[in-house]
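protein25.txt (compact mmCIF, C-alpha atoms) appears below.
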```
# COMPACT_ATOMS: atom_id res chain seq x y z
CA MET Z 298 110.51 83.83 87.68
CA PRO Z 299 114.14 84.59 88.42
CA GLU Z 300 115.24 86.09 85.15
CA PRO Z 301 118.93 85.76 84.41
CA ALA Z 302 119.72 89.07 86.02
CA ALA Z 303 121.49 91.16 83.44
CA PRO Z 304 121.48 94.85 84.30
CA GLY Z 305 120.72 96.90 81.23
CA SER Z 306 119.52 94.05 79.08
CA THR Z 307 115.95 95.29 79.21
CA ALA Z 308 117.05 98.84 78.46
CA ARG Z 309 118.67 97.83 75.21
CA ARG Z 310 115.46 96.64 73.67
CA THR Z 311 112.95 99.03 75.16
CA ARG Z 312 112.98 101.95 77.47
CA ARG Z 313 112.68 100.72 81.00
CA ALA Z 314 109.79 101.96 83.12
CA ILE Z 315 110.91 104.87 85.31
CA GLY Z 316 109.66 103.15 88.43
CA SER Z 317 111.47 99.86 87.86
CA GLY Z 318 115.00 98.61 88.43
CA PRO Z 319 116.87 101.09 90.62
CA GLY Z 320 113.95 103.46 90.05
CA ILE Z 321 111.92 101.35 92.46
CA LEU Z 322 113.95 102.90 95.29
CA LEU Z 323 112.74 106.30 94.10
CA VAL Z 324 109.19 104.98 94.35
CA LEU Z 325 109.89 103.99 97.95
CA ALA Z 326 111.52 107.32 98.82
CA TYR Z 327 108.70 109.34 97.26
CA GLY Z 328 106.05 107.10 98.77
CA THR Z 329 107.58 107.52 102.22
CA LEU Z 330 107.76 111.29 101.89
CA ALA Z 331 104.20 111.34 100.53
CA LEU Z 332 103.02 109.54 103.67
CA ALA Z 333 105.12 111.71 105.98
CA ALA Z 334 104.09 114.98 104.36
CA THR Z 335 100.41 114.00 104.17
CA GLY Z 336 100.30 112.88 107.78
CA ARG Z 337 102.10 115.95 108.99
CA SER Z 338 100.02 118.45 107.01
CA VAL Z 339 96.69 116.84 107.91
CA LEU Z 340 97.66 117.09 111.58
CA GLN Z 341 98.92 120.63 111.24
CA ILE Z 342 95.80 121.85 109.47
CA LEU Z 343 93.36 120.07 111.78
CA GLU Z 344 95.12 120.60 115.09
CA TYR Z 345 96.80 123.98 115.03
CA PHE Z 346 96.33 125.75 111.71
CA GLU Z 347 96.36 129.30 113.23
CA ARG Z 348 99.91 128.87 114.50
CA ALA Z 349 101.53 129.14 111.06
CA PRO Z 350 99.03 129.18 108.18
CA LEU Z 351 101.59 129.78 105.42
CA ALA Z 352 103.94 127.03 106.58
CA TYR Z 353 101.06 124.60 106.88
CA LEU Z 354 99.66 125.41 103.46
CA LEU Z 355 103.13 124.81 102.02
CA SER Z 356 103.20 121.48 103.87
CA ALA Z 357 99.94 120.56 102.19
CA LEU Z 358 101.34 121.58 98.79
CA ALA Z 359 104.42 119.42 99.42
CA ALA Z 360 102.16 116.49 100.29
CA VAL Z 361 100.22 116.86 97.03
CA VAL Z 362 103.46 117.09 95.02
CA TYR Z 363 104.90 113.96 96.64
CA ILE Z 364 101.69 112.01 96.08
CA ALA Z 365 101.59 113.04 92.42
CA ALA Z 366 105.29 112.21 91.94
CA THR Z 367 104.85 108.78 93.52
CA TRP Z 368 101.85 108.12 91.29
CA ALA Z 369 103.81 109.23 88.22
CA LEU Z 370 106.73 106.93 89.07
CA VAL Z 371 104.55 103.89 89.75
CA THR Z 372 102.51 104.32 86.57
CA ASP Z 373 105.46 105.36 84.38
CA ARG Z 374 104.12 108.82 83.52
CA ARG Z 375 107.29 110.63 82.50
CA ARG Z 376 105.76 114.02 81.81
CA LEU Z 377 104.00 114.15 85.19
CA ALA Z 378 107.14 112.90 86.95
CA GLN Z 379 109.21 115.60 85.27
CA VAL Z 380 106.78 118.36 86.24
CA THR Z 381 106.18 117.25 89.83
CA ILE Z 382 109.84 116.62 90.59
CA THR Z 383 110.77 120.01 89.13
CA VAL Z 384 108.13 121.69 91.30
CA GLU Z 385 109.57 119.76 94.24
CA ALA Z 386 113.10 120.97 93.52
CA VAL Z 387 111.96 124.59 93.24
CA GLY Z 388 109.78 124.21 96.32
CA VAL Z 389 112.44 122.82 98.61
CA LEU Z 390 114.96 125.46 97.50
CA ALA Z 391 112.51 128.38 97.79
CA VAL Z 392 110.94 127.29 101.07
CA GLY Z 393 114.32 126.28 102.48
CA ALA Z 394 115.82 129.68 101.69
CA LEU Z 395 112.71 131.53 102.90
CA SER Z 396 112.76 129.70 106.23
CA TYR Z 397 116.26 131.01 106.87
CA LEU Z 398 115.63 134.54 105.53
CA VAL Z 399 112.21 135.11 107.14
CA PRO Z 400 112.11 132.69 110.09
CA ASP Z 401 108.98 134.41 111.46
CA LEU Z 402 106.94 132.84 108.68
CA PHE Z 403 107.94 129.37 109.88
CA PRO Z 404 107.38 129.08 113.63
CA ASP Z 405 106.92 125.35 113.09
CA LYS Z 406 108.79 122.90 110.90
CA THR Z 407 107.50 121.69 107.57
CA VAL Z 408 108.87 119.09 105.20
CA TRP Z 409 110.61 121.71 103.08
CA SER Z 410 111.65 124.31 105.67
CA HIS Z 411 115.38 124.46 106.47
CA PHE Z 412 115.96 122.42 103.31
CA GLY Z 413 114.32 119.37 104.86
CA SER Z 414 116.72 119.12 107.79
CA GLY Z 415 114.00 117.40 109.85
CA TYR Z 416 114.08 114.53 107.36
CA GLY Z 417 117.83 114.11 107.07
CA PHE Z 418 117.90 116.48 104.06
CA LEU Z 419 116.26 113.77 101.99
CA PRO Z 420 113.76 116.32 100.57
CA LEU Z 421 116.71 118.39 99.31
CA VAL Z 422 118.64 115.55 97.70
CA LEU Z 423 115.72 113.57 96.31
CA PRO Z 424 114.47 115.87 93.52
CA PHE Z 425 117.94 116.12 92.02
CA VAL Z 426 118.41 112.36 92.14
CA GLY Z 427 114.96 112.10 90.56
CA LEU Z 428 115.73 114.54 87.74
CA TRP Z 429 119.06 112.81 87.11
CA TRP Z 430 117.30 109.46 86.91
CA LEU Z 431 114.71 110.79 84.45
CA ALA Z 432 117.41 112.41 82.29
CA ARG Z 433 119.51 109.25 82.32
CA ASN Z 434 116.56 107.20 81.19
CA ARG Z 435 115.75 109.54 78.35
CA TRP Z 436 118.73 108.21 76.40
CA GLU Z 437 116.97 104.93 76.05
CA ARG Z 438 114.03 106.50 74.30
CA THR Z 439 113.10 104.75 71.12
CA GLY Z 440 110.31 106.84 69.61
CA PRO Z 441 110.37 110.61 69.23
CA GLU Z 442 108.95 112.44 72.23
CA ALA Z 443 107.03 109.58 73.75
CA ARG Z 444 104.89 110.65 76.71
CA MET G 74 102.76 97.87 126.73
CA LEU G 75 103.85 100.20 123.92
CA VAL G 76 107.54 99.89 124.70
CA PRO G 77 107.79 96.07 124.44
CA LEU G 78 105.41 96.09 121.45
CA THR G 79 107.39 98.67 119.47
CA THR G 80 110.60 96.83 120.36
CA ILE G 81 109.16 93.61 118.94
CA VAL G 82 108.07 95.48 115.80
CA VAL G 83 111.57 96.92 115.33
CA ILE G 84 113.12 93.46 115.72
CA ALA G 85 110.62 91.87 113.35
CA SER G 86 111.15 94.49 110.66
CA VAL G 87 114.93 94.23 110.96
CA VAL G 88 114.54 90.45 110.51
CA LEU G 89 112.49 91.16 107.38
CA ALA G 90 115.25 93.49 106.13
CA VAL G 91 117.91 90.85 106.76
CA VAL G 92 115.93 88.09 105.02
CA ALA G 93 115.38 90.44 102.04
CA GLY G 94 119.12 91.17 102.02
CA VAL G 95 119.95 87.46 101.94
CA TYR G 96 117.47 86.96 99.09
CA ALA G 97 119.06 89.86 97.20
CA LEU G 98 122.54 88.33 97.57
CA ARG G 99 121.27 84.99 96.30
CA ALA G 100 119.36 86.68 93.46
CA ARG G 101 116.07 85.20 94.61
CA LEU G 102 112.69 86.82 94.14
CA ILE G 103 109.85 87.14 96.62
CA ASP G 104 108.39 83.78 97.69
CA ASP G 105 106.06 82.34 100.33
CA LEU G 106 108.61 82.44 103.15
CA LEU G 107 109.40 86.10 102.57
CA LEU G 108 105.70 86.96 102.25
CA LEU G 109 105.08 85.14 105.52
CA VAL G 110 107.69 87.22 107.34
CA ALA G 111 106.18 90.38 105.82
CA ALA G 112 102.70 89.22 106.90
CA LEU G 113 103.97 88.69 110.45
CA VAL G 114 105.29 92.26 110.49
CA GLU G 115 101.92 93.42 109.17
CA VAL G 116 100.01 91.65 111.97
CA LEU G 117 102.29 93.23 114.58
CA LEU G 118 101.76 96.65 112.98
CA LEU G 119 97.97 96.23 113.11
CA VAL G 120 98.21 95.43 116.82
CA LEU G 121 100.49 98.43 117.30
CA ALA G 122 98.04 100.69 115.44
CA VAL G 123 95.20 99.69 117.78
CA VAL G 124 97.27 99.95 120.97
CA ALA G 125 98.83 103.28 120.01
CA ALA G 126 95.48 104.79 118.99
CA VAL G 127 94.00 103.75 122.35
CA GLN G 128 96.98 105.06 124.32
CA ALA G 129 97.41 108.32 122.36
CA PRO G 130 95.19 110.42 124.69
CA SER G 131 97.52 109.71 127.64
CA VAL G 132 100.38 111.50 125.87
CA ARG G 133 100.60 114.78 127.77
CA THR G 134 102.41 117.12 125.34
CA PRO G 135 99.82 118.66 122.96
CA GLY G 136 100.15 117.45 119.39
CA GLU G 137 102.52 114.59 120.18
CA GLY G 138 99.71 112.15 120.92
CA ALA G 139 98.17 112.84 117.52
CA THR G 140 101.57 112.51 115.86
CA MET G 141 102.14 109.15 117.54
CA ALA G 142 98.70 107.93 116.48
CA ALA G 143 99.36 109.15 112.93
CA TYR G 144 102.60 107.17 112.75
CA ALA G 145 101.02 104.04 114.18
CA LEU G 146 97.96 104.22 111.91
CA THR G 147 100.09 104.83 108.80
CA LEU G 148 102.51 101.98 109.49
CA PRO G 149 100.19 99.09 108.45
CA LEU G 150 99.99 100.63 104.95
CA VAL G 151 103.69 100.06 104.35
CA PRO G 152 104.12 96.25 104.13
CA PRO G 153 101.29 95.75 101.58
CA ALA G 154 102.75 98.55 99.45
CA LEU G 155 106.19 96.96 99.70
CA ALA G 156 104.83 93.54 98.78
CA PHE G 157 103.08 95.06 95.77
CA LEU G 158 106.30 96.71 94.56
CA ALA G 159 108.43 93.61 95.28
CA ILE G 160 106.07 91.33 93.36
CA LYS G 161 105.82 93.74 90.41
CA GLU G 162 109.59 94.14 90.08
CA LYS G 163 111.25 91.06 88.60
CA THR G 164 114.87 91.96 89.28
CA ARG G 165 117.11 92.04 92.30
CA TRP G 166 115.89 95.57 93.00
CA ALA G 167 112.70 94.01 94.34
CA MET G 168 114.67 92.83 97.36
CA ALA G 169 116.41 96.20 97.66
CA VAL G 170 113.07 97.97 97.99
CA LEU G 171 111.88 95.42 100.55
CA LEU G 172 115.08 95.81 102.56
CA ALA G 173 114.92 99.62 102.56
CA GLY G 174 111.18 99.62 103.24
CA ALA G 175 111.58 97.28 106.22
CA LEU G 176 114.11 99.71 107.66
CA VAL G 177 111.63 102.56 107.17
CA VAL G 178 109.12 100.54 109.22
CA ALA G 179 111.76 100.01 111.93
CA VAL G 180 112.52 103.73 112.09
CA MET G 181 108.83 104.70 112.22
CA ALA G 182 108.13 102.16 114.99
CA TYR G 183 111.10 103.50 116.90
CA ARG G 184 109.69 107.02 116.52
CA VAL G 185 106.41 105.82 118.08
CA GLN G 186 108.35 104.42 121.02
CA GLN G 187 110.39 107.61 121.37
CA ILE G 188 107.28 109.83 121.45
CA TRP G 189 105.70 107.53 124.04
CA VAL G 190 108.75 107.40 126.30
CA VAL G 191 109.45 111.13 126.13
CA HIS G 192 105.94 112.57 126.29
CA ALA G 193 103.67 110.08 128.05
```
Represent the structure contained in this file as structure tokens.
Amino acid sequence: MPEPAAPGSTARRTRRAIGSGPGILLVLAYGTLALAATGRSVLQILEYFERAPLAYLLSALAAVVYIAATWALVTDRRRLAQVTITVEAVGVLAVGALSYLVPDLFPDKTVWSHFGSGYGFLPLVLPFVGLWWLARNRWERTGPEAR
Amino acid sequence: MLVPLTTIVVIASVVLAVVAGVYALRARLIDDLLLLVAALVEVLLLVLAVVAAVQAPSVRTPGEGATMAAYALTLPLVPPALAFLAIKEKTRWAMAVLLAGALVVAVMAYRVQQIWVVHA
């Protein structure tokens, strides 16, 4: 039913679900990266794992993190979203820096190497948008330390 | 066959994005017409998945054939996921996610075409 669209009206009464409203775009972004990272790491591990084992294992880790973050956003699990998005932020920064400092470790691209340049730097921007969104929504908490 | 097919998919998904955009501007939620357009895109993507999987072995560069097949086989998952999100969300953001998701489909289909043209 087309509700009289009033942005924020739901937030006043109860906390809005983290995956709804504008948050639904985060669900899409994380879902897309989950698909991309999963597809890429399955291929890498099956087709040419010997070429760059470390890079490919990190690809697989990124895939797991994106899947978990997407799941957390869809099902409104704040704690899990917080943890997975933080891991993602650390991961993209660490792997991004490492790929510039020790390029020999990354003969092939992964989602996080070079700060996600292969994906329009979306992997670099996304975790910070995600953390901002979670922090912004915390203000609307009603009970103390709900999940 | 893959070039015309992927072109049709790109056009169809851009149409879906435009319709979703119009719905967003008019503050309408998902309805039968919009679902029908999404279903049409889905049918095209299923055809593309089959054709691309069959053609993948004739891609000469190692790895690229598998990448193309992976894209094409993943694509049909997107419209149902979008429909699920758009039905669940009862605000204008439902149309925003559909619009953005349709563009993701267009980009992925274009990638399939690109791999085919460059490496086959």
Quick one: which chain G residues come within 9 Å of chain Z, and what is the nearest atom pair for each with the distance in Å to one decimal, counting only C-alpha atoms, rows ordered by chain and ascending number, as a Markdown table?
```
| residue | atom | partner | partner_atom | distance |
| --- | --- | --- | --- | --- |
| G:Ala100 | CA | Z:Pro299 | CA | 7.6 |
| G:Arg101 | CA | Z:Pro299 | CA | 6.5 |
| G:Leu102 | CA | Z:Pro299 | CA | 6.3 |
| G:Gly136 | CA | Z:Glu344 | CA | 7.3 |
| G:Ala139 | CA | Z:Leu340 | CA | 7.3 |
| G:Thr140 | CA | Z:Leu340 | CA | 7.4 |
| G:Ala143 | CA | Z:Gly336 | CA | 6.4 |
| G:Tyr144 | CA | Z:Gly336 | CA | 7.9 |
| G:Thr147 | CA | Z:Leu332 | CA | 7.6 |
| G:Val151 | CA | Z:Thr329 | CA | 8.7 |
| G:Leu155 | CA | Z:Leu325 | CA | 8.1 |
| G:Leu158 | CA | Z:Ile321 | CA | 7.6 |
| G:Ala159 | CA | Z:Ile321 | CA | 8.9 |
| G:Lys161 | CA | Z:Ser317 | CA | 8.7 |
| G:Glu162 | CA | Z:Ser317 | CA | 6.4 |
| G:Lys163 | CA | Z:Pro299 | CA | 7.1 |
| G:Thr164 | CA | Z:Ala302 | CA | 6.5 |
| G:Arg165 | CA | Z:Ala302 | CA | 7.4 |
| G:Trp166 | CA | Z:Gly318 | CA | 5.6 |
| G:Ala167 | CA | Z:Ile321 | CA | 7.6 |
| G:Ala169 | CA | Z:Leu322 | CA | 7.5 |
| G:Val170 | CA | Z:Leu322 | CA | 5.7 |
| G:Ala173 | CA | Z:Leu322 | CA | 8.0 |
| G:Gly174 | CA | Z:Leu325 | CA | 7.0 |
| G:Val177 | CA | Z:Thr329 | CA | 8.1 |
```
*Got a sec: who's within 10 Å of Leu78 in chain G, counting only C-alpha atoms, leaving out chain neighbours fewer than 5 positions off, as a VMD selection string?*
chain G and resid 83 to 84 117 to 118 120 to 121 124 to 125 182 186
_CA of Ala331 in chain Z to CA of Ser396 in chain Z, straight-line distance in Å_ = 21.0 Å
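Among Z:Ala334, Z:Ile315, Z:Leu390, Z:Val361, the residue with the shortest atom-to-atom distance to Leu428 in chain Z, counting all atoms listed in the file, is Z:Ile315.
For the choices Z:Val399, Z:Val408, Z:Leu377, Z:Val392, the atom-to-atom distance to Thr335 in chain Z is smallest for Z:Val408 when using all atoms listed in the file.
Counting all atoms listed in the file, Val422 in chain Z has the following residues at most 12 Å away, ignoring those fewer than 2 positions along the same chain: Leu323, Ala326, Tyr327, Ile382, Glu385, Ala386, Val389, Leu390, Trp409, Phe412, Gly413, Ser414, Tyr416, Gly417, Phe418, Leu419, Pro420, Pro424, Phe425, Val426, Gly427, Leu428 and Trp429 of chain Z.
Among the candidates Z:Ala359, Z:Asp401, Z:Leu431, Z:Pro350, the one nearest to Arg374 in chain Z when counting only C-alpha atoms is Z:Leu431.
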*CA of Asp104 in chain G and CA of Ala314 in chain Z are how many Å apart?*
23.3 Å
_Could you tell me how far CA of Ala175 in chain G sits from CA of Ser86 in chain G, in Å to one decimal place?_
5.3 Å
